[in-house]
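upload.txt (compact mmCIF, C-alpha atoms)
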```txt
# COMPACT_ATOMS: atom_id res chain seq x y z
CA MET J 1 60.40 -53.42 -27.38
CA THR J 2 62.79 -56.17 -26.45
CA GLY J 3 61.61 -59.42 -24.85
CA THR J 4 62.62 -58.37 -21.33
CA LYS J 5 60.92 -55.00 -21.65
CA ASP J 6 57.80 -56.70 -23.03
CA LYS J 7 57.67 -59.03 -20.04
CA LEU J 8 58.16 -56.16 -17.61
CA PHE J 9 55.46 -54.12 -19.34
CA TYR J 10 52.89 -56.92 -19.25
CA ALA J 11 53.77 -57.75 -15.64
CA LEU J 12 53.19 -54.10 -14.74
CA LEU J 13 49.94 -54.10 -16.69
CA ALA J 14 48.70 -57.23 -14.90
CA ALA J 15 49.67 -55.83 -11.49
CA THR J 16 47.90 -52.55 -12.25
CA ALA J 17 44.71 -54.30 -13.41
CA ALA J 18 44.70 -56.53 -10.32
CA ILE J 19 45.22 -53.68 -7.88
CA PHE J 20 42.52 -51.56 -9.52
CA ALA J 21 40.06 -54.47 -9.36
CA TYR J 22 40.83 -54.85 -5.66
CA LEU J 23 40.62 -51.10 -5.06
CA ILE J 24 37.22 -50.67 -6.71
CA ALA J 25 35.77 -53.63 -4.82
CA TYR J 26 37.25 -52.33 -1.57
CA ILE J 27 35.93 -48.78 -2.07
CA PHE J 28 32.38 -49.89 -2.80
CA LEU J 29 32.10 -52.89 -0.49
CA VAL J 30 34.28 -52.14 2.53
CA THR J 31 34.93 -48.43 3.08
CA PRO J 32 32.26 -46.82 5.26
CA LEU J 33 30.16 -43.82 4.29
CA ALA J 34 31.49 -40.43 5.40
CA GLN J 35 29.38 -37.76 7.09
CA LEU J 36 26.83 -35.89 4.94
CA GLN J 37 28.76 -32.61 5.18
CA ALA J 38 31.63 -34.36 3.36
CA GLY J 39 29.28 -35.57 0.63
CA GLY J 40 28.08 -38.88 2.14
CA LEU J 41 28.24 -41.52 -0.58
CA ALA J 42 29.80 -39.02 -3.00
CA GLN J 43 32.84 -38.84 -0.67
CA LYS J 44 33.93 -42.18 -2.21
CA ILE J 45 35.08 -40.10 -5.19
CA PHE J 46 37.93 -39.09 -2.86
CA TYR J 47 39.67 -42.50 -3.22
CA PHE J 48 40.28 -41.86 -6.93
CA HIS J 49 40.33 -38.07 -6.89
CA VAL J 50 43.27 -37.64 -4.49
CA PRO J 51 45.46 -40.41 -5.99
CA ALA J 52 44.78 -38.92 -9.45
CA ALA J 53 46.02 -35.55 -8.14
CA TYR J 54 49.10 -37.29 -6.75
CA ALA J 55 49.64 -38.99 -10.14
CA MET J 56 49.44 -35.57 -11.78
CA TYR J 57 52.23 -34.36 -9.46
CA LEU J 58 54.23 -37.48 -10.31
CA CYS J 59 53.87 -37.00 -14.07
CA GLY J 60 54.58 -33.29 -13.70
CA GLY J 61 57.72 -34.18 -11.75
CA VAL J 62 58.86 -36.55 -14.51
CA CYS J 63 58.16 -33.81 -17.06
CA CYS J 64 60.15 -31.28 -15.02
CA ILE J 65 63.20 -33.48 -14.42
CA SER J 66 63.29 -34.79 -18.00
CA SER J 67 62.81 -31.30 -19.40
CA ALA J 68 65.62 -29.92 -17.25
CA LEU J 69 67.89 -32.78 -18.33
CA TYR J 70 66.92 -32.17 -21.96
CA LEU J 71 67.80 -28.49 -21.67
CA TYR J 72 71.15 -29.50 -20.14
CA SER J 73 71.92 -32.17 -22.74
CA PRO J 74 69.31 -32.97 -25.44
CA THR J 75 68.53 -36.61 -26.26
CA ASP J 76 65.46 -38.25 -27.78
CA ALA J 77 64.87 -40.30 -24.63
CA ARG J 78 64.77 -37.22 -22.39
CA ASP J 79 62.47 -35.43 -24.80
CA ALA J 80 60.20 -38.49 -24.92
CA ALA J 81 60.04 -38.69 -21.12
CA ALA J 82 59.29 -34.97 -20.83
CA ARG J 83 56.53 -35.18 -23.41
CA ALA J 84 55.08 -38.32 -21.83
CA GLY J 85 55.07 -36.63 -18.43
CA ALA J 86 53.20 -33.61 -19.79
CA ASP J 87 50.67 -35.77 -21.67
CA CYS J 88 49.92 -37.88 -18.62
CA ALA J 89 49.81 -34.85 -16.29
CA VAL J 90 47.02 -33.48 -18.49
CA VAL J 91 45.10 -36.77 -18.34
CA PHE J 92 45.36 -37.05 -14.55
CA GLY J 93 44.66 -33.34 -14.20
CA ALA J 94 41.48 -33.79 -16.25
CA MET J 95 40.50 -36.66 -13.94
CA VAL J 96 40.98 -34.42 -10.92
CA LEU J 97 39.16 -31.46 -12.43
CA GLY J 98 36.34 -33.69 -13.67
CA SER J 99 35.76 -35.71 -10.51
CA GLY J 100 36.25 -32.86 -8.02
CA PRO J 101 33.27 -30.77 -9.13
CA LEU J 102 30.96 -33.80 -9.01
CA TRP J 103 31.96 -34.39 -5.40
CA ALA J 104 31.78 -30.64 -4.66
CA LYS J 105 28.20 -30.52 -5.94
CA LYS J 106 27.16 -32.80 -3.10
CA ALA J 107 29.51 -31.53 -0.40
CA TRP J 108 29.40 -27.78 -1.14
CA GLY J 109 26.23 -27.44 -3.22
CA VAL J 110 28.10 -26.05 -6.22
CA TYR J 111 30.18 -27.64 -8.96
CA TRP J 112 32.89 -25.02 -8.90
CA THR J 113 34.12 -22.21 -6.74
CA TRP J 114 37.26 -20.11 -7.15
CA ASP J 115 38.86 -21.76 -4.13
CA PRO J 116 42.69 -21.34 -4.04
CA ARG J 117 43.40 -25.04 -4.51
CA LEU J 118 40.90 -25.44 -7.33
CA THR J 119 42.17 -22.34 -9.09
CA THR J 120 45.85 -23.29 -8.81
CA THR J 121 45.08 -26.84 -10.00
CA LEU J 122 43.27 -25.45 -13.04
CA LEU J 123 46.18 -23.14 -13.82
CA SER J 124 48.73 -25.97 -13.54
CA VAL J 125 46.71 -28.23 -15.81
CA LEU J 126 46.40 -25.41 -18.33
CA VAL J 127 50.20 -24.99 -18.32
CA PHE J 128 50.62 -28.71 -19.10
CA VAL J 129 47.91 -28.43 -21.77
CA SER J 130 49.97 -25.64 -23.34
CA VAL J 131 53.06 -27.91 -23.36
CA VAL J 132 51.06 -30.69 -25.04
CA MET J 133 49.53 -28.29 -27.59
CA LEU J 134 52.93 -26.79 -28.34
CA ARG J 135 54.43 -30.21 -29.03
CA ALA J 136 51.42 -31.31 -31.06
CA PHE J 137 51.11 -28.28 -33.33
CA ALA J 138 54.40 -26.35 -33.34
CA GLY J 139 56.53 -29.05 -34.94
CA ASN J 140 59.27 -31.30 -33.65
CA GLY J 141 62.30 -29.11 -34.18
CA GLU J 142 65.05 -28.48 -31.67
CA ALA J 143 63.80 -24.98 -30.83
CA GLU J 144 60.24 -26.19 -30.24
CA ARG J 145 61.49 -29.02 -28.04
CA LYS J 146 63.57 -26.65 -25.94
CA PHE J 147 60.75 -24.15 -25.60
CA ALA J 148 58.37 -26.92 -24.52
CA SER J 149 60.99 -28.18 -22.05
CA ALA J 150 61.33 -24.74 -20.50
CA LEU J 151 57.54 -24.49 -20.25
CA GLY J 152 57.45 -27.95 -18.69
CA VAL J 153 59.91 -26.88 -15.99
CA LEU J 154 57.95 -23.70 -15.31
CA GLY J 155 54.64 -25.62 -15.21
CA THR J 156 55.93 -27.98 -12.57
CA VAL J 157 56.94 -25.06 -10.37
CA THR J 158 53.21 -24.37 -9.94
CA LEU J 159 52.56 -27.85 -8.47
CA PRO J 160 53.84 -27.13 -4.93
CA ILE J 161 51.66 -24.00 -4.94
CA ILE J 162 48.60 -26.26 -5.35
CA HIS J 163 49.66 -28.30 -2.35
CA TYR J 164 50.29 -25.32 -0.07
CA ALA J 165 47.42 -23.18 -1.43
CA VAL J 166 45.08 -24.37 1.33
CA VAL J 167 47.67 -23.57 4.01
CA MET J 168 48.54 -20.17 2.60
CA TRP J 169 45.13 -18.88 1.48
CA GLY J 170 42.51 -21.10 3.14
CA GLY J 171 39.39 -21.93 1.14
CA ASN J 172 36.75 -24.67 1.10
CA HIS J 173 38.91 -27.56 0.00
CA PRO J 174 39.25 -30.39 2.58
CA THR J 175 42.63 -30.87 4.27
CA VAL J 176 42.32 -34.42 5.59
CA ILE J 177 45.80 -35.45 4.46
CA THR J 178 48.33 -33.85 6.76
CA LYS J 179 51.82 -34.51 8.08
CA THR J 180 50.40 -35.37 11.51
CA GLY J 181 48.45 -38.41 10.35
CA GLY J 182 45.48 -36.93 8.56
CA GLY J 183 41.76 -36.87 9.15
CA LEU J 184 40.68 -40.28 7.87
CA ARG J 185 38.95 -41.59 10.98
CA HIS J 186 38.46 -45.20 9.89
CA PRO J 187 41.22 -47.73 9.07
CA ALA J 188 39.38 -48.82 5.90
CA MET J 189 39.44 -45.24 4.60
CA SER J 190 43.21 -44.99 5.11
CA HIS J 191 43.73 -48.40 3.52
CA ALA J 192 41.65 -47.50 0.44
CA LEU J 193 43.58 -44.27 0.00
CA LEU J 194 46.93 -46.05 0.34
CA VAL J 195 45.93 -48.68 -2.24
CA GLY J 196 44.70 -45.83 -4.46
CA PHE J 197 48.13 -44.20 -4.33
CA VAL J 198 49.84 -47.47 -5.28
CA ALA J 199 47.37 -48.11 -8.12
CA MET J 200 47.73 -44.62 -9.57
CA THR J 201 51.53 -44.83 -9.33
CA LEU J 202 51.49 -48.01 -11.40
CA LEU J 203 48.99 -46.52 -13.86
CA ALA J 204 51.04 -43.35 -14.25
CA GLY J 205 54.14 -45.47 -14.90
CA LEU J 206 52.34 -47.52 -17.54
CA LEU J 207 50.85 -44.53 -19.33
CA MET J 208 54.15 -42.63 -19.37
CA TRP J 209 55.90 -45.74 -20.68
CA CYS J 210 53.40 -46.00 -23.57
CA ARG J 211 53.56 -42.29 -24.41
CA ALA J 212 57.36 -42.20 -24.26
CA ARG J 213 57.48 -45.18 -26.60
CA LEU J 214 55.13 -43.37 -28.99
CA THR J 215 57.30 -40.23 -28.95
CA LEU J 216 60.45 -42.28 -29.60
CA SER J 217 58.68 -43.98 -32.52
CA LEU J 218 57.70 -40.57 -33.92
CA SER J 219 61.33 -39.43 -33.70
CA ARG J 220 62.36 -42.57 -35.55
CA VAL J 221 59.78 -41.90 -38.28
CA ALA J 222 61.20 -38.38 -38.69
CA ARG J 223 64.74 -39.75 -39.08
CA LEU J 224 63.66 -42.45 -41.54
CA GLU J 225 61.71 -39.91 -43.59
CA GLU J 226 64.77 -37.66 -43.80
CA GLN J 227 66.83 -40.63 -44.89
CA ALA J 228 64.25 -41.75 -47.43
CA ILE J 229 63.94 -38.24 -48.87
CA ALA J 230 67.73 -37.90 -49.04
CA THR J 231 68.03 -41.17 -50.96
CA GLY J 232 65.07 -40.32 -53.20
CA GLN J 233 62.90 -43.20 -51.98
CA ILE J 234 59.97 -40.94 -51.16
CA ASP J 235 58.96 -37.49 -52.41
CA TYR J 236 58.06 -34.70 -50.03
CA MET N 1 15.05 -42.93 -3.42
CA ASN N 2 12.49 -42.19 -0.73
CA GLN N 3 12.16 -38.70 -2.13
CA ALA N 4 10.76 -39.95 -5.44
CA GLN N 5 7.20 -40.56 -4.26
CA PRO N 6 6.48 -37.19 -2.60
CA GLN N 7 8.10 -35.44 -5.53
CA ALA N 8 5.91 -37.32 -8.02
CA ALA N 9 2.81 -36.50 -5.97
CA THR N 10 3.80 -32.84 -5.90
CA LEU N 11 4.41 -32.72 -9.63
CA SER N 12 1.03 -34.32 -10.36
CA ASP N 13 -0.81 -31.77 -8.25
CA PRO N 14 -1.64 -28.69 -10.36
CA GLY N 15 -2.32 -26.71 -7.20
CA SER N 16 1.29 -27.00 -6.14
CA ARG N 17 2.66 -25.27 -9.23
CA SER N 18 5.03 -22.39 -8.59
CA THR N 19 3.39 -19.10 -9.28
CA GLU N 20 6.35 -17.02 -8.21
CA PHE N 21 10.08 -17.33 -7.58
CA VAL N 22 11.55 -16.06 -4.36
CA ALA N 23 15.25 -15.59 -3.73
CA VAL N 24 16.54 -17.82 -0.93
CA GLN N 25 19.91 -18.30 0.73
CA GLY N 26 21.41 -21.75 0.13
CA GLY N 27 18.41 -23.77 -0.96
CA GLY N 28 17.76 -27.48 -0.81
CA GLU N 29 20.25 -29.92 -2.32
CA THR N 30 18.48 -32.53 -4.39
CA THR N 31 21.28 -34.06 -6.48
CA SER N 32 21.70 -37.76 -5.79
CA ALA N 33 25.08 -38.70 -4.30
CA ALA N 34 24.92 -42.07 -6.08
CA SER N 35 24.46 -40.48 -9.51
CA LEU N 36 27.34 -38.06 -8.86
CA LEU N 37 29.55 -40.94 -7.69
CA ILE N 38 28.74 -43.04 -10.76
CA ALA N 39 29.23 -40.05 -13.07
CA ALA N 40 32.64 -39.32 -11.52
CA TYR N 41 33.88 -42.90 -11.89
CA LEU N 42 32.51 -43.22 -15.43
CA MET N 43 34.14 -39.93 -16.38
CA MET N 44 37.54 -40.98 -14.99
CA TRP N 45 37.51 -44.44 -16.57
CA GLY N 46 36.10 -43.08 -19.83
CA LEU N 47 38.87 -40.50 -20.03
CA LEU N 48 41.47 -43.16 -19.35
CA PHE N 49 40.12 -45.56 -21.97
CA VAL N 50 39.90 -42.83 -24.61
CA PHE N 51 43.51 -41.82 -23.90
CA VAL N 52 44.74 -45.42 -24.04
CA PHE N 53 42.76 -46.13 -27.23
CA LEU N 54 44.05 -43.01 -29.01
CA SER N 55 47.62 -43.79 -27.93
CA TRP N 56 47.31 -47.39 -29.10
CA ARG N 57 45.82 -46.36 -32.46
CA ARG N 58 48.52 -43.77 -33.05
CA GLN N 59 51.26 -46.21 -32.06
CA ALA N 60 49.88 -48.75 -34.56
CA ARG N 61 49.90 -46.13 -37.34
CA VAL N 62 53.45 -45.08 -36.49
CA GLU N 63 54.66 -48.72 -36.48
CA THR N 64 53.08 -49.18 -39.93
CA ARG N 65 54.80 -46.03 -41.18
CA ILE N 66 58.16 -47.21 -39.82
CA ALA N 67 57.75 -50.55 -41.59
CA GLU N 68 56.87 -48.78 -44.88
CA LEU N 69 59.85 -46.46 -44.65
CA GLU N 70 62.27 -49.24 -43.75
CA LYS N 71 60.98 -51.26 -46.70
CA ALA N 72 61.38 -48.29 -49.06
CA ILE N 73 64.90 -47.56 -47.83
CA ALA N 74 65.89 -51.23 -48.04
CA ALA N 75 64.49 -51.46 -51.58
CA GLY N 76 66.63 -48.50 -52.58
CA GLY N 77 69.74 -50.04 -51.11
CA GLY N 78 69.91 -47.43 -48.34
CA ASP N 79 70.26 -49.89 -45.49
CA GLY N 80 72.76 -47.75 -43.64
CA GLY N 81 70.41 -46.20 -41.09
CA ALA N 82 67.16 -48.07 -41.51
CA GLY N 83 67.66 -50.17 -38.47
CA GLN N 84 68.51 -47.36 -36.06
```

Please go through the file and, once you have read it, give me the structure as structure tokens.
Amino acid sequence: MTGTKDKLFYALLAATAAIFAYLIAYIFLVTPLAQLQAGGLAQKIFYFHVPAAYAMYLCGGVCCISSALYLYSPTDARDAAARAGADCAVVFGAMVLGSGPLWAKKAWGVYWTWDPRLTTTLLSVLVFVSVVMLRAFAGNGEAERKFASALGVLGTVTLPIIHYAVVMWGGNHPTVITKTGGGLRHPAMSHALLVGFVAMTLLAGLLMWCRARLTLSLSRVARLEEQAIATGQIDY
Amino acid sequence: MNQAQPQAATLSDPGSRSTEFVAVQGGGETTSAASLLIAAYLMMWGLLFVFVFLSWRRQARVETRIAELEKAIAAGGGDGGAGQ
């Protein structure tokens, strides 16, 4: 990375660390307990769970746009952004699917139920897992990249279905975040959620930056290996 | 936490052992909210740290490989594309 990019990266890292420190303190020291039917103390999982879901949408969106651009005109940078988006969507998706059942155990009495939103979230994460697996094990050729890009675009199409699943098919999942202001009945709850969104946005940006850099480095290794083999410097 | 004492007393009383199981609707919820909350946060942070650590380790290996290849290409006089 160049000096300016380094500075920007470390500034982003410091801002992310600071905002997460504030968020965790705020969640545990300031936000009030919710009613028992919502999980009581376990409802505080919400302040990480929902922003993680939003970060998954964000990373999926980056994967979709970069994949579409790659299919239109392939470049290493677009491929790296698409791959980084898919990688990070899986990580945030795992956070959502891991934290949700722990909250559900207290609020619903069961870890998992085939609720429309839960099911569509699982399906979307599995699509992104398939993109990541494809890129990890099927090689780094042009055809594999394009196939993964197409899958990345298709995977992102499922994300709006998650959001509207509750509206279309009902289910147990809470719907406290709405266009009309939402159901967070205490200012501290709304504030914690807002800070959570900002923190997860910064974290998603940082993680995608790191993963894109890794993918670009891998592309560079591939080019250097071809060059070294062509000039007889290494044997393969 | 207040539930711990009655539960311990019940467990220590042989007369209170279950001698049959009866199907019920719903049932009592005994999982601690605090333990679920801690488990959720540990899981999320753990996942994040593992991902960051694996990314960092792989990036370090790739940087080493790039340096090796550039050195090999430079040693062979093939400096044309090593710096790309």

Interface rows for chain N against chain J: nearest pair, Å to one decimal, 6 Å, all atoms listed in the file, as JSON lines:
```
{"residue": "N:Ala33", "atom": "CA", "partner": "J:Ala42", "partner_atom": "CA", "distance": 4.9}
{"residue": "N:Leu36", "atom": "CA", "partner": "J:Leu102", "partner_atom": "CA", "distance": 5.6}
{"residue": "N:Leu37", "atom": "CA", "partner": "J:Ala42", "partner_atom": "CA", "distance": 5.1}
{"residue": "N:Ala40", "atom": "CA", "partner": "J:Ser99", "partner_atom": "CA", "distance": 4.9}
{"residue": "N:Met44", "atom": "CA", "partner": "J:Met95", "partner_atom": "CA", "distance": 5.3}
{"residue": "N:Gln59", "atom": "CA", "partner": "J:Leu214", "partner_atom": "CA", "distance": 5.7}
{"residue": "N:Ile66", "atom": "CA", "partner": "J:Val221", "partner_atom": "CA", "distance": 5.8}
{"residue": "N:Ile73", "atom": "CA", "partner": "J:Ala228", "partner_atom": "CA", "distance": 5.9}
```

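Of note, atom CA of J:Tyr54 and atom CA of J:Pro174 are spaced 15.2 Å apart.
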
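Between atom CA of J:Tyr47 and atom CA of N:Tyr41 there is a distance of 10.4 Å.
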
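The coordinates place atom CA of J:Ala148 at 21.3 Å from atom CA of N:Arg58.
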
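Across J:Ala21, J:Ala81, J:Arg185, J:Val195, the tightest approach to J:Gln35 is made by J:Arg185 when counting all atoms listed in the file.
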
task: Name all residues at most 8 Å from J:Pro32 (count only C-alpha atoms; drop same-chain ones fewer than 5 positions away) and give them as a PyMOL selection string.
output: chain J and resi 186+188-189

Could you dump the residues just selected with C-alpha atoms as a tab-separated table (two decimals), in the coordinates of the input?
```tsv
chain	number	residue	atom	x	y	z
J	186	HIS	CA	38.46	-45.20	9.89
J	188	ALA	CA	39.38	-48.82	5.90
J	189	MET	CA	39.44	-45.24	4.60
```

field: Exercise: J:Ala89 partners within 7 Å, only C-alpha atoms, chain neighbours under 6 positions left out, as a ChimeraX atom specification
entry: /J:56,59-60,128

Saved selection, atoms kept: C-alpha atoms, as a PDB file, in the coordinates of the input:
```
ATOM      1  CA  MET J  56      49.440 -35.570 -11.780  1.00  0.00           C
ATOM      2  CA  CYS J  59      53.870 -37.000 -14.070  1.00  0.00           C
ATOM      3  CA  GLY J  60      54.580 -33.290 -13.700  1.00  0.00           C
ATOM      4  CA  PHE J 128      50.620 -28.710 -19.100  1.00  0.00           C
TER       5      PHE J 128
END
```
